[in-house]
Each structure stands twice: as structure tokens, then as C-alpha cells.
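These notes concern the structure reproduced below.
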Amino acid sequence: MILALLAHSTLCAAAGNLAPAATGCPLQVEAVRSDWQAQHPPADGWTPVKLPDFWSSRWPQFDGVVWYRATWSGRCAAERPLALFLDSMNMAGAVYLNGSLIGADDRLSEPLSRSWNVPRYWLLPAPLLRDDTNTILVRLSGFAAYQGGLGTMTVGTPTTVAPRYVHARRVRRDIQLFSLAVTSTLGCFFLALWLMRRQETVYGWFTLQSATWWCFGYNQIATSPWPLSSTNAWEAIQSIAFILYSACFTMFIMRFSERRRPRLEIALWALSACQILAMLAAPHGFLADVRSIVAVIPVITFIATCVVFVVHSLKTRRGDQIALSGCLVVFVAAGIHDLLDFLGILDDNVYYSPVTAQIQMISMALVLASRFVFNLRKIESFNDQLTESIATANEELRVTLHRQHELELANARLNERLNLAHDLHDGLGSTLVSSITTLEHSPHGVPPTRFLDILKELRDDLRIIIDAASIHHAESRSLVEMIAPLRHRLTHSLEAKQINCQWRFSNVDDLQLPNTVSLGILRILQEGLTNVLQHSDADRAEIDIERVGPVMRLSIRDNGHGFDPSAIDTHHGTGMRSMRARASKLGGTFFLTSGTEGTLLQIDIAGIAIDFRASQSRI
Amino acid sequence: MTLLPPEPMVPGPLLIVDDESLMQSRLSAILVSLGYAPDALLYADSIAAARAVRSSQPCAMALVDIGLPDGTGIDLIREWHESDPALPILVISAWSTGNTIVTALQAGATGYLLKERDDIEIALSIRSALRGGAPIDPFVARHILETTGTNAAADSAPAPVSGAAPFVRLSPREIEILGLVSKGLTNREISELLSLSKLTVECHIKSIYKKMSVRSRTQAVFEARAHGLLP
């Protein structure tokens, strides 16, 4: 295919692609060469030629002006109207009918206009025509190295000639223009993609490939060598573009297959550089040979790349790669067909390459785009998966937290129960056991009042435990709050007995003590105040709970008649004993003084009057 | 048995609704010591019996136990309170179960007695009720503060028991008094601390009870309407 296209670009595609079969007037053509400045054809030296004609084989190395003279006569000459179709002029030329100029290119000396691919059509002016013999003279400027020569020429009625021109114009110009537009569009699109995602080098190589292909293809429609100043420079740039295109194509295919072969790549670029240098350095005389050698190497690279890729895609069996290799196979097959056609081995005279080249470019772009979309879908589905897994994780976390919360709740309940059991054991249990012992080992039976006292003591202990347990919030179990129910109840009872009651708390508002300590203090308070209530005959009672440094002091003072602290046999004595026992259990000191002006009971508990919140929360 | 000096005026007849004969005789002894004539005391040991007694003769006051063989005393209190809001009803409860007592107060009880207390304490509660006072204990005060969600003094956590109960709007003074009660101060101590008369403090507490029972009554009406019992 590239071969065929190369033929298109560098050889004059003279045979005409799928041209409508038409026969014009039989023409007799002759050619003669002259120098660049000649304004008239030389009188002699004419040789008959057959169009299309390339003079490089007849006059090798000849660069300059060649004159072509076509004459027709007889019946055909008399037909009116007559039209002329000139397939191509390589490179620039002027056309005369019977000595009169009917058309010319802008530049007939360097830099030459480029008419090698421009079909021409003229309706021959009737006044210039003669009835016997007519002559078309073409003054052609060109280079032997670039296949200088004249394409087919047809003279006949417009109805037979015009369709040939229309067809040629469509094939030579319109399709090429369309191809260039498609190539540049695709190139720009993937250039934008690559600019956004530099790591996707496959887009970058596709862009480069498109750009070089565009430069190469522009030759098909260029009518002047602008911006270059000579035909030689133009042709050199063309060849360089083709070399680079081939290299970029190989790189693209390699990246598309997700392969990196650094050594191979370096070799490829080194080879390309050598070709370019060779071509730039070649003396003008050898240009044609160098060009044909240089043209073959990229073609071989290209075909090798295609073959390797097809084999690779058959191995990997990836959809996109197989699709692309299918395109390449079609493209290569079309190219080989065209080449055989061009060489005359096949003679159907139909060239597929211009179409398949375009299809190949578009399908490469489609495969690339489909891969892009595939990646995009992967990302989208990844997002979905991510969202889903986040939801799952959230749900798991929620369940775990819920379970943990329930566990904590259950633990808290268990702790509460343990605390309660502990309190019952400590408080009620010991009183119960000691009461049973008292009752069992009492030698003379127990007086009913004593029995009642024992039961009431048990009841009071239970009440303290229940009151303490009814405080819901473990955090708000400050001593003051735990004392509240007892204080309320005892104050009511004392007030009913006309005993004025004064409670003073000092520096203990936020004091939190372990449950056992609090309950012990409550029992001492209850016992002490019950004594005041029942036995003191006082009319005033003062209760002080204060914190002085690390010491918590509890004192109960009344102005009653007092009693003898040493008389332990009395009821007082029993209560005092139990209070003393409780105080020592709490690690406190017990102090009692009693006289006629009243009684003072004082308990100091050292080392506990610190904030127990921390130790409490650790339980 | 002399616990407290007898009261000059006692409203009679008084109905005791309790299925424990021991408790019946204990209460009657306390009431007699407070000045009741034994024949001014009526007894019932079930809800049915209580209804029968009350329909046969008027009562000036009632003491109602919670756990009765044919139902809960709360229903009886609600029924009687709705038919005669002026009837003083004391609920008899065992141990300090704030929840039960607050429910009884919402049903319309004007006070409560705690079974496990000493006779003198029960006598005090009854005397307070006879004199038009409003008994209150720290655990009851705390419970009210928690259920109404106004326990800002104690903690900022929302009360877990309040549920979807309509909000009872307590005045700042009422909240202050409840806070002091929950700290264990008696009405006398509160009146001294706030420079109020003891009567005013009791008025505040009665107002709190009334608000709570009003809430319960509107709730009852609403529920009755919802069940199609009322137009």
C-alpha cells in the first residue's frame, strides 16, 4: 500500500485509476528536450513517445524543459466541439494549441509549480482549430529524479472527455483532501487526549503518526512548494516525512501492544536518522537511486511491523488488537495488489490503496477510542465497586459499633449487678450474719426490742443500698448526691422530734468515692443520727462533712445529755462498736467524746478524699 | 401508740385499699393515733371491693396500695381522680421506686406512703397530707427532673425515660426547688435557703404535681378519643 502510494506520489500515476474507458482522437506524440530558458521548441531532435511518458529512462539525469507535441488529423480533426483532458504534468507546464497558449502554471522555473497531480481540462476554442491537422504543444519543466514527464492526454468530444476529467479530479484531489481533513481531525483529537494524559504514550505516537502522514499526504494536493523554495527541498521533506511516519507507526503499534523494546526502538530511530542523513547528503546525480533505496526501507519496516503485530495479536487474542491487525492485513493486501497492478503483473487497473489507507487510519482511531472507552468503563465500574464496598464497610462498621455498644451496655449492666451484689454482701450480708450469730448465741434469749432493732438495722442497710442503686447515672454518684435520700429522711424524722438539724458540706461538692466507701459513710451517718434521734434528747444536731487536703472528716454533733462512751453494754455501746468497726474497715480513725453538753462523733478518713472519678471509670 | 400529737380535724371517712391485713391494721393504728375514730376507717382488699365501698358511701380521703389482687392501684387512682379531682388520694408503695410513685402522681395521687418506713415516718406523711402539704423525696424529685428533661443541673445527657411523653413545662423556680429536694434538703431547709415561706414551697410542689396529672389527663382524653370512647 505504501508502495502504491509512494508510486502515486513520486511516479506519475499515469494509468489513471479506474478511469472511464474512453477513446479520443488518435494522437501522435513526440518529445524533444531543451534548456530551462527556451521559449520555443528546437526544430529537430524530436522522438516519438507514448503517453504517459517519463523521460528519466530516455534522458537520465536530465533536468530542464521538455517539449511534447501531439497532433491529430483526419475525420477526428473536423469534429466540433473538441475538448482536451491532460491527466498530469510533472512538474509545471504551459499548453499551446496550434501555437496559441491555452493554459499555463504559475511558475515554470524554480521553484516550480506542482502540477504532477493536477488533472486539467480545456474546451478547445473553435477558432484556433483547423480542419486538417491540429497540434497541442506542451512545454514541461521537470526533473529526471522526480519522474519528470507527461501524463495521458485525451482529445475528443466533451461528452467523452469530460467524465474522465471529473473522475480523475475526484480521485486525485477530492479524496485526498478528504483524507487530509480526517487525518488532521483524528490527530488533533488524540493530541488533546495525550496532552491531558501524558502517560498514555500510545495517543502521543498516534498523533505523531498522523502528523507525519499528513505531511506526506499533503504532497497529493499541494500546487506549489511553498513554504519551501525548491522542488529538491520539497521532495527531501516528503521522503523524511515518510521515514518518520514509518518509525512512528512502529512505535505506535509497539505501545498499542503494550510492549517496550528500548534497544529495538533505539535501532529503529538510528536507522531512520541514517536514512535521512543519507538522503540529505546524497549528491544530486545519485538522488534518484538513494531515494528509491530510502523509500524501500520504511516500507519494509512497516510491513515487518504489521506482520509481527498480526502474529502477536493472534497470540494474545485481545479483541482490540485482533481488530487492528485485521485492518492492517486488509491494508497490506490492498497495497500488494496495487503494487502488482502498478508493475503490470495484474491488469484490472483498480487501485484500492487510497481508500484502504483512509480506512486504516480511521479504524486505528476507532480501536484507540474503543480502548479509551474501555478504560473509562473500567474506571466507572471501579467507582461503582468502590461505592458498593464503602457501603458494605459502613454497614459492617455500623453492625460492629452496634454490637460493641450492646456489649458495653451488657458489661455496664453486669458491672452494676456485680456492684449491687457486692454492696448487698458487704452491707446486708455482714449485718445479717452477725445478727444471726447474736440471736443463736444469746444465752438468755433476745428481748423483743433488741430483735426489732436488729430487723430495723437490716432494713436500713437495705434501704441505703436501694437508694444508692436508684441513682441511675454512674457519673453523678457524688457523695453529696448519695447522701441526699438519707439526709432527707433523717432530717424529716429529726424535725418531727423537734431536733433542729444543720447540714454543712465543705469542699466535697464534686467528691466521688468508691461505692463501698460511700455506703460505709452512709451507714455511719445513719447509725450516728439514729442514736441522736432516739437517745440524745437533744434539740440541735450538726452534721459536717468536709475535706481538708487528703482527709475527709465526718462529724456529728448534738447538744443532748451525752452518755458514757466506755459503757459498751448499753445499746449505745452496740451502735458505737459497729460504727467503729465500719470506720476501721474504711481505713479511718474513730473519735468520740460525750458529756453533759453533748456528744461529738468524728471520723477521719485519710487518703481517699481525692477524685475517684478516674478509678471509678476504669472499673 | 402515740407517734405524733393527734390532729384537731381529720377528714372522714377514710378508705384504706390494701390486700395485706397486717398493713391494714398498721395503717389503722397510725390513723387512730392521728385522731381518727376507728369507725371512720373503711377497708377494701381489692379494686372491686374498693369500688363497691365507694359507691355505697362517700369518702373524704383514700389510701391506695399499688399491687392489688385484681389489678393495679394506679387505675383506681386515675378513675377516682377523674370522677372527683378534689379527693385526696395517697398511694402506698413499697421501697423507693420513683417510677411507680411518679406514675401514681400523674394518675392523680396527692401524696405517697412508703411501706418500709418507720411508723413515725408514715404518720408524718399522712399528717402532711391532712394539713394540705405535698410530700416529696429526693428520688421522686430526681425522677421528675429526669422525665421532664429539665435536669440541667445534674447532667446534660437527655433523660432516657422520657420517651415520647408530652413535655411538662416547669417554671425555673420549680426546677430550682426540685433540684434542692434531690440534694436532700427538706421543705423547711429549702424555704430558709430561698427565703420563702414553707407554705410557698409546698405550693410549688403541689403545682408540679398538678402539672403532671393534667398532662396525664389530657393524655387520657386523647387516648380515649383515639379509641372512639369519647366524641
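Each chain of the C-alpha cells is named A, B, ... in the order shown, its residues numbered from 1; ligands are numbered from 1 in display order.
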If you run DSSP on this backbone, which residues of range 234-291 of chain A come out as alpha helix (DSSP H), and could you give them as a PyMOL selection string?
chain A and resi 234-256+262-281+287-291
Give me the chain A side of the contact with chain B, cut-off 10 Å, one line per residue showing its nearest atom pair and distance in Å at one decimal, counting only C-alpha atoms, sorted by chain and residue number, as a Markdown table.
| residue | atom | partner | partner_atom | distance |
| --- | --- | --- | --- | --- |
| A:Lys456 | CA | B:Asp118 | CA | 8.7 |
| A:Arg459 | CA | B:Glu116 | CA | 7.7 |
| A:Asp460 | CA | B:Arg117 | CA | 9.1 |
| A:Leu462 | CA | B:Trp95 | CA | 9.7 |
| A:Arg463 | CA | B:Trp95 | CA | 7.6 |
| A:Ile466 | CA | B:Ser96 | CA | 7.5 |
| A:Asp467 | CA | B:Ser96 | CA | 7.1 |
| A:Ser470 | CA | B:Phe139 | CA | 7.6 |
| A:Ile471 | CA | B:Phe139 | CA | 8.0 |
| A:His472 | CA | B:His143 | CA | 9.8 |
| A:His473 | CA | B:Asp155 | CA | 9.0 |
| A:Glu475 | CA | B:Asp155 | CA | 9.0 |
| A:Ser476 | CA | B:Ala154 | CA | 7.3 |
| A:Val480 | CA | B:Lys183 | CA | 7.1 |
| A:Glu481 | CA | B:Lys183 | CA | 5.9 |
| A:Met482 | CA | B:Lys183 | CA | 8.6 |
| A:Ile483 | CA | B:Gly184 | CA | 7.3 |
| A:Ala484 | CA | B:Gly184 | CA | 3.8 |
| A:Pro485 | CA | B:Pro138 | CA | 5.6 |
| A:Leu486 | CA | B:Gly184 | CA | 7.4 |
| A:Arg487 | CA | B:Gly184 | CA | 5.4 |
| A:His488 | CA | B:Gly184 | CA | 4.5 |
| A:Arg489 | CA | B:Asp137 | CA | 8.0 |
| A:Leu490 | CA | B:Glu121 | CA | 9.6 |
| A:Thr491 | CA | B:Thr186 | CA | 7.0 |
| A:His492 | CA | B:Thr186 | CA | 6.9 |
| A:Ser493 | CA | B:Glu121 | CA | 6.7 |
| A:Glu495 | CA | B:Arg188 | CA | 9.3 |
| A:Ala496 | CA | B:Leu124 | CA | 7.6 |
| A:Lys497 | CA | B:Leu4 | CA | 9.0 |
| A:Cys501 | CA | B:Glu189 | CA | 9.2 |
| A:Gln502 | CA | B:Glu189 | CA | 9.0 |
| A:Trp503 | CA | B:Leu185 | CA | 9.1 |
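Interatomic distance, CA of Val330 in chain A to CA of Cys306 in chain A: 10.8 Å.
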CA of Asp65 in chain B and CA of Val102 in chain B, how far apart in Å?
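Straight-line distance from CA of Val102 in chain B to CA of Asp65 in chain B works out to 14.3 Å.
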Would you please extract all strand (DSSP E) residues from range 101-201 of chain B, as assigned by DSSP on the backbone, and give them as a list in words?
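Across range 101-201 of chain B, those assigned strand (DSSP E) are Gly111, Tyr112, Leu113 and Leu114 of chain B.
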Selection file, N, CA and C atoms, as a CSV table (one decimal), in the first residue's frame:
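Contents of the output file again.csv:
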chain,number,residue,atom,x,y,z
B,111,GLY,N,-50.3,12.3,97.2
B,111,GLY,CA,-49.1,12.0,98.1
B,111,GLY,C,-48.8,10.5,98.1
B,112,TYR,N,-47.8,10.1,98.8
B,112,TYR,CA,-47.5,8.7,98.9
B,112,TYR,C,-46.9,8.3,100.2
B,113,LEU,N,-47.1,7.0,100.5
B,113,LEU,CA,-46.6,6.4,101.7
B,113,LEU,C,-45.6,5.3,101.3
B,114,LEU,N,-44.5,5.2,102.1
B,114,LEU,CA,-43.6,4.1,101.7
B,114,LEU,C,-43.7,3.1,102.9
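Close contacts of Ala469 in chain A, defined as residues with an atom at most 9 Å away when counting only C-alpha atoms, with chain neighbours fewer than 4 positions off set aside, comprise A:Glu416, A:Leu420, A:Ile464, A:Ile465.
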Filtering to C-alpha atoms, could you give me those residues as a PDB file, in the first residue's frame?
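Contents of the output file result38.pdb:
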ATOM      1  CA  GLU A 416     -24.000  -2.729  88.059  1.00  0.00           C
ATOM      2  CA  LEU A 420     -25.096  -4.409  93.770  1.00  0.00           C
ATOM      3  CA  ILE A 464     -29.292   2.579 101.761  1.00  0.00           C
ATOM      4  CA  ILE A 465     -28.322   0.033  99.141  1.00  0.00           C
TER       5      ILE A 465
END
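Here CA of Leu407 in chain A stands at a distance of 28.7 Å from CA of Leu479 in chain A.
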List as a PDB file with C-alpha atoms, in the first residue's frame the protein and nucleic acid residues near Ala92 in chain A, meaning an atom at most 10 Å away when only C-alpha atoms are counted, but skip any in the same chain fewer than 5 places from it.
ATOM      1  CA  VAL A  65      12.376  21.748 -20.191  1.00  0.00           C
ATOM      2  CA  ALA A 104      -0.006  27.620 -18.066  1.00  0.00           C
ATOM      3  CA  ASP A 105       1.156  27.060 -14.476  1.00  0.00           C
ATOM      4  CA  ASP A 106       2.184  29.997 -12.307  1.00  0.00           C
ATOM      5  CA  ARG A 107       5.831  29.046 -12.004  1.00  0.00           C
ATOM      6  CA  LEU A 108       7.643  27.488 -14.902  1.00  0.00           C
ATOM      7  CA  SER A 109      11.133  27.868 -13.368  1.00  0.00           C
ATOM      8  CA  GLU A 110      12.321  27.064  -9.831  1.00  0.00           C
ATOM      9  CA  PRO A 111      10.513  26.924  -7.531  1.00  0.00           C
ATOM     10  CA  LEU A 112       8.249  25.092  -9.911  1.00  0.00           C
ATOM     11  CA  SER A 113       4.512  24.905  -9.544  1.00  0.00           C
ATOM     12  CA  ARG A 114       3.457  21.363  -8.669  1.00  0.00           C
ATOM     13  CA  SER A 115       1.081  20.049 -11.297  1.00  0.00           C
ATOM     14  CA  TRP A 116       2.070  16.435 -11.111  1.00  0.00           C
ATOM     15  CA  VAL A 138       3.262  21.226 -24.004  1.00  0.00           C
ATOM     16  CA  ARG A 139       6.270  22.957 -22.520  1.00  0.00           C
ATOM     17  CA  LEU A 140       7.142  20.929 -19.457  1.00  0.00           C
ATOM     18  CA  SER A 141       9.684  21.814 -16.723  1.00  0.00           C
ATOM     19  CA  GLY A 142      10.792  18.905 -14.539  1.00  0.00           C
ATOM     20  CA  GLY A 148       9.517  14.243 -14.973  1.00  0.00           C
ATOM     21  CA  GLY A 149       7.107  13.586 -17.830  1.00  0.00           C
ATOM     22  CA  LEU A 150       3.642  13.982 -19.227  1.00  0.00           C
ATOM     23  CA  THR A 223       0.186  23.093  -6.070  1.00  0.00           C
ATOM     24  CA  SER A 224       3.308  24.983  -5.049  1.00  0.00           C
TER      25      SER A 224
END
Which one is closest to Trp59 in chain A: A:Ala270, A:Leu129, A:Ala145, A:Asn411? Count only C-alpha atoms.
A:Ala145
Quick one: residues within 9 Å of Leu105 in chain B, only C-alpha atoms, excluding same-chain residues fewer than 2 positions away - as a compact mmCIF listing (two decimals) with N, CA and C atoms, in the first residue's frame?
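Okay, out-v5.txt is ready:
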# COMPACT_ATOMS: atom_id res chain seq x y z
N VAL B 91 -50.92 7.19 97.71
CA VAL B 91 -50.61 5.87 97.18
C VAL B 91 -49.64 5.20 98.15
N THR B 100 -42.82 4.23 89.94
CA THR B 100 -44.20 3.92 90.35
C THR B 100 -44.86 5.15 90.97
N ILE B 101 -44.10 5.83 91.83
CA ILE B 101 -44.70 6.96 92.54
C ILE B 101 -45.03 8.08 91.56
N VAL B 102 -44.11 8.34 90.62
CA VAL B 102 -44.39 9.41 89.66
C VAL B 102 -45.61 9.04 88.80
N THR B 103 -45.72 7.78 88.42
CA THR B 103 -46.91 7.35 87.65
C THR B 103 -48.18 7.59 88.46
N ALA B 107 -51.30 9.97 87.72
CA ALA B 107 -52.69 9.48 87.69
C ALA B 107 -53.60 10.31 88.59
N GLY B 108 -53.01 11.11 89.48
CA GLY B 108 -53.84 11.99 90.30
C GLY B 108 -53.64 11.83 91.79
N ALA B 109 -52.67 11.01 92.21
CA ALA B 109 -52.43 10.88 93.65
C ALA B 109 -51.88 12.20 94.20
N THR B 110 -52.23 12.52 95.45
CA THR B 110 -51.76 13.77 96.03
C THR B 110 -50.58 13.53 96.96
N GLY B 111 -50.26 12.27 97.22
CA GLY B 111 -49.11 12.00 98.06
C GLY B 111 -48.83 10.53 98.05
N TYR B 112 -47.82 10.14 98.85
CA TYR B 112 -47.48 8.72 98.85
C TYR B 112 -46.95 8.31 100.22
N TYR B 209 -47.03 18.71 90.86
CA TYR B 209 -47.85 17.50 90.78
C TYR B 209 -49.06 17.73 89.88
N LYS B 210 -49.65 18.91 90.03
CA LYS B 210 -50.86 19.20 89.25
C LYS B 210 -50.52 19.20 87.76
N MET B 212 -48.23 17.64 86.30
CA MET B 212 -48.01 16.28 85.82
C MET B 212 -49.31 15.52 85.64
N SER B 213 -50.25 15.69 86.57
CA SER B 213 -51.52 14.95 86.45
C SER B 213 -52.38 15.54 85.33
Applying 7 Å and only C-alpha atoms, which residues near range 252-261 of chain A remain after dropping the ones on its own chain fewer than 2 positions away? List them as a list of chain:residue names.
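These residues fall inside the cut-off: A:Val202, A:Trp205, A:Phe206, A:Cys248, A:Phe249, A:Thr250, A:Arg263, A:Leu264, A:Glu265.
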Output N, CA and C atoms for every residue in the selection just made, as a PDB file, in the first residue's frame.
ATOM      1  N   VAL A 202       0.618   5.918  23.893  1.00  0.00           N
ATOM      2  CA  VAL A 202       0.077   5.398  22.643  1.00  0.00           C
ATOM      3  C   VAL A 202      -0.675   6.496  21.882  1.00  0.00           C
ATOM      4  N   TRP A 205       1.972   8.752  20.192  1.00  0.00           N
ATOM      5  CA  TRP A 205       2.543   8.167  18.972  1.00  0.00           C
ATOM      6  C   TRP A 205       1.533   8.193  17.843  1.00  0.00           C
ATOM      7  N   PHE A 206       0.278   8.000  18.177  1.00  0.00           N
ATOM      8  CA  PHE A 206      -0.747   8.085  17.139  1.00  0.00           C
ATOM      9  C   PHE A 206      -0.782   9.485  16.549  1.00  0.00           C
ATOM     10  N   CYS A 248       7.155   6.148  13.384  1.00  0.00           N
ATOM     11  CA  CYS A 248       6.097   6.448  14.360  1.00  0.00           C
ATOM     12  C   CYS A 248       5.049   5.345  14.367  1.00  0.00           C
ATOM     13  N   PHE A 249       4.778   4.798  13.188  1.00  0.00           N
ATOM     14  CA  PHE A 249       3.799   3.718  13.109  1.00  0.00           C
ATOM     15  C   PHE A 249       4.288   2.514  13.920  1.00  0.00           C
ATOM     16  N   THR A 250       5.558   2.201  13.755  1.00  0.00           N
ATOM     17  CA  THR A 250       6.107   1.069  14.510  1.00  0.00           C
ATOM     18  C   THR A 250       6.006   1.338  16.021  1.00  0.00           C
ATOM     19  N   ARG A 263      16.057  -1.308  23.121  1.00  0.00           N
ATOM     20  CA  ARG A 263      17.161  -1.468  22.146  1.00  0.00           C
ATOM     21  C   ARG A 263      16.631  -1.405  20.711  1.00  0.00           C
ATOM     22  N   LEU A 264      15.524  -2.106  20.506  1.00  0.00           N
ATOM     23  CA  LEU A 264      14.918  -2.124  19.183  1.00  0.00           C
ATOM     24  C   LEU A 264      14.499  -0.719  18.766  1.00  0.00           C
ATOM     25  N   GLU A 265      13.966   0.010  19.731  1.00  0.00           N
ATOM     26  CA  GLU A 265      13.497   1.360  19.431  1.00  0.00           C
ATOM     27  C   GLU A 265      14.669   2.261  19.066  1.00  0.00           C
TER      28      GLU A 265
END
Test item: residues at most 12 Å from Met23 in chain B, only C-alpha atoms, excluding those fewer than 2 positions along its chain, as a compact mmCIF listing (two decimals) with C-alpha atoms, in the first residue's frame:
# COMPACT_ATOMS: atom_id res chain seq x y z
CA ILE B 16 -57.85 2.05 103.02
CA VAL B 17 -57.39 -0.13 99.93
CA ASP B 18 -54.79 -2.79 100.75
CA ASP B 19 -54.89 -6.56 100.47
CA GLU B 20 -52.46 -7.14 103.35
CA SER B 21 -54.33 -7.36 106.60
CA SER B 25 -54.05 -2.88 110.88
CA ARG B 26 -50.74 -0.99 110.91
CA LEU B 27 -52.27 1.89 108.96
CA SER B 28 -55.38 1.93 111.11
CA ALA B 29 -53.23 2.11 114.25
CA ILE B 30 -51.30 5.07 112.80
CA LEU B 31 -54.51 6.77 111.69
CA TYR B 43 -61.30 -1.13 104.32
CA ALA B 44 -61.14 -2.82 100.94
CA ASP B 45 -58.78 -5.57 99.82
CA LEU B 63 -55.04 5.33 100.79
CA VAL B 64 -54.46 3.00 97.84
CA ASP B 65 -51.90 0.20 97.54
CA ILE B 92 -48.98 3.15 99.26
CA SER B 93 -45.75 1.90 97.72
CA ALA B 94 -43.04 -0.49 98.76
CA LEU B 113 -46.57 6.45 101.74
CA LEU B 114 -43.58 4.13 101.75
CA LYS B 115 -44.32 0.81 103.38
CA GLU B 116 -40.82 0.13 104.59
CA ASP B 119 -44.44 4.18 111.66
CA ILE B 122 -45.67 7.17 107.71
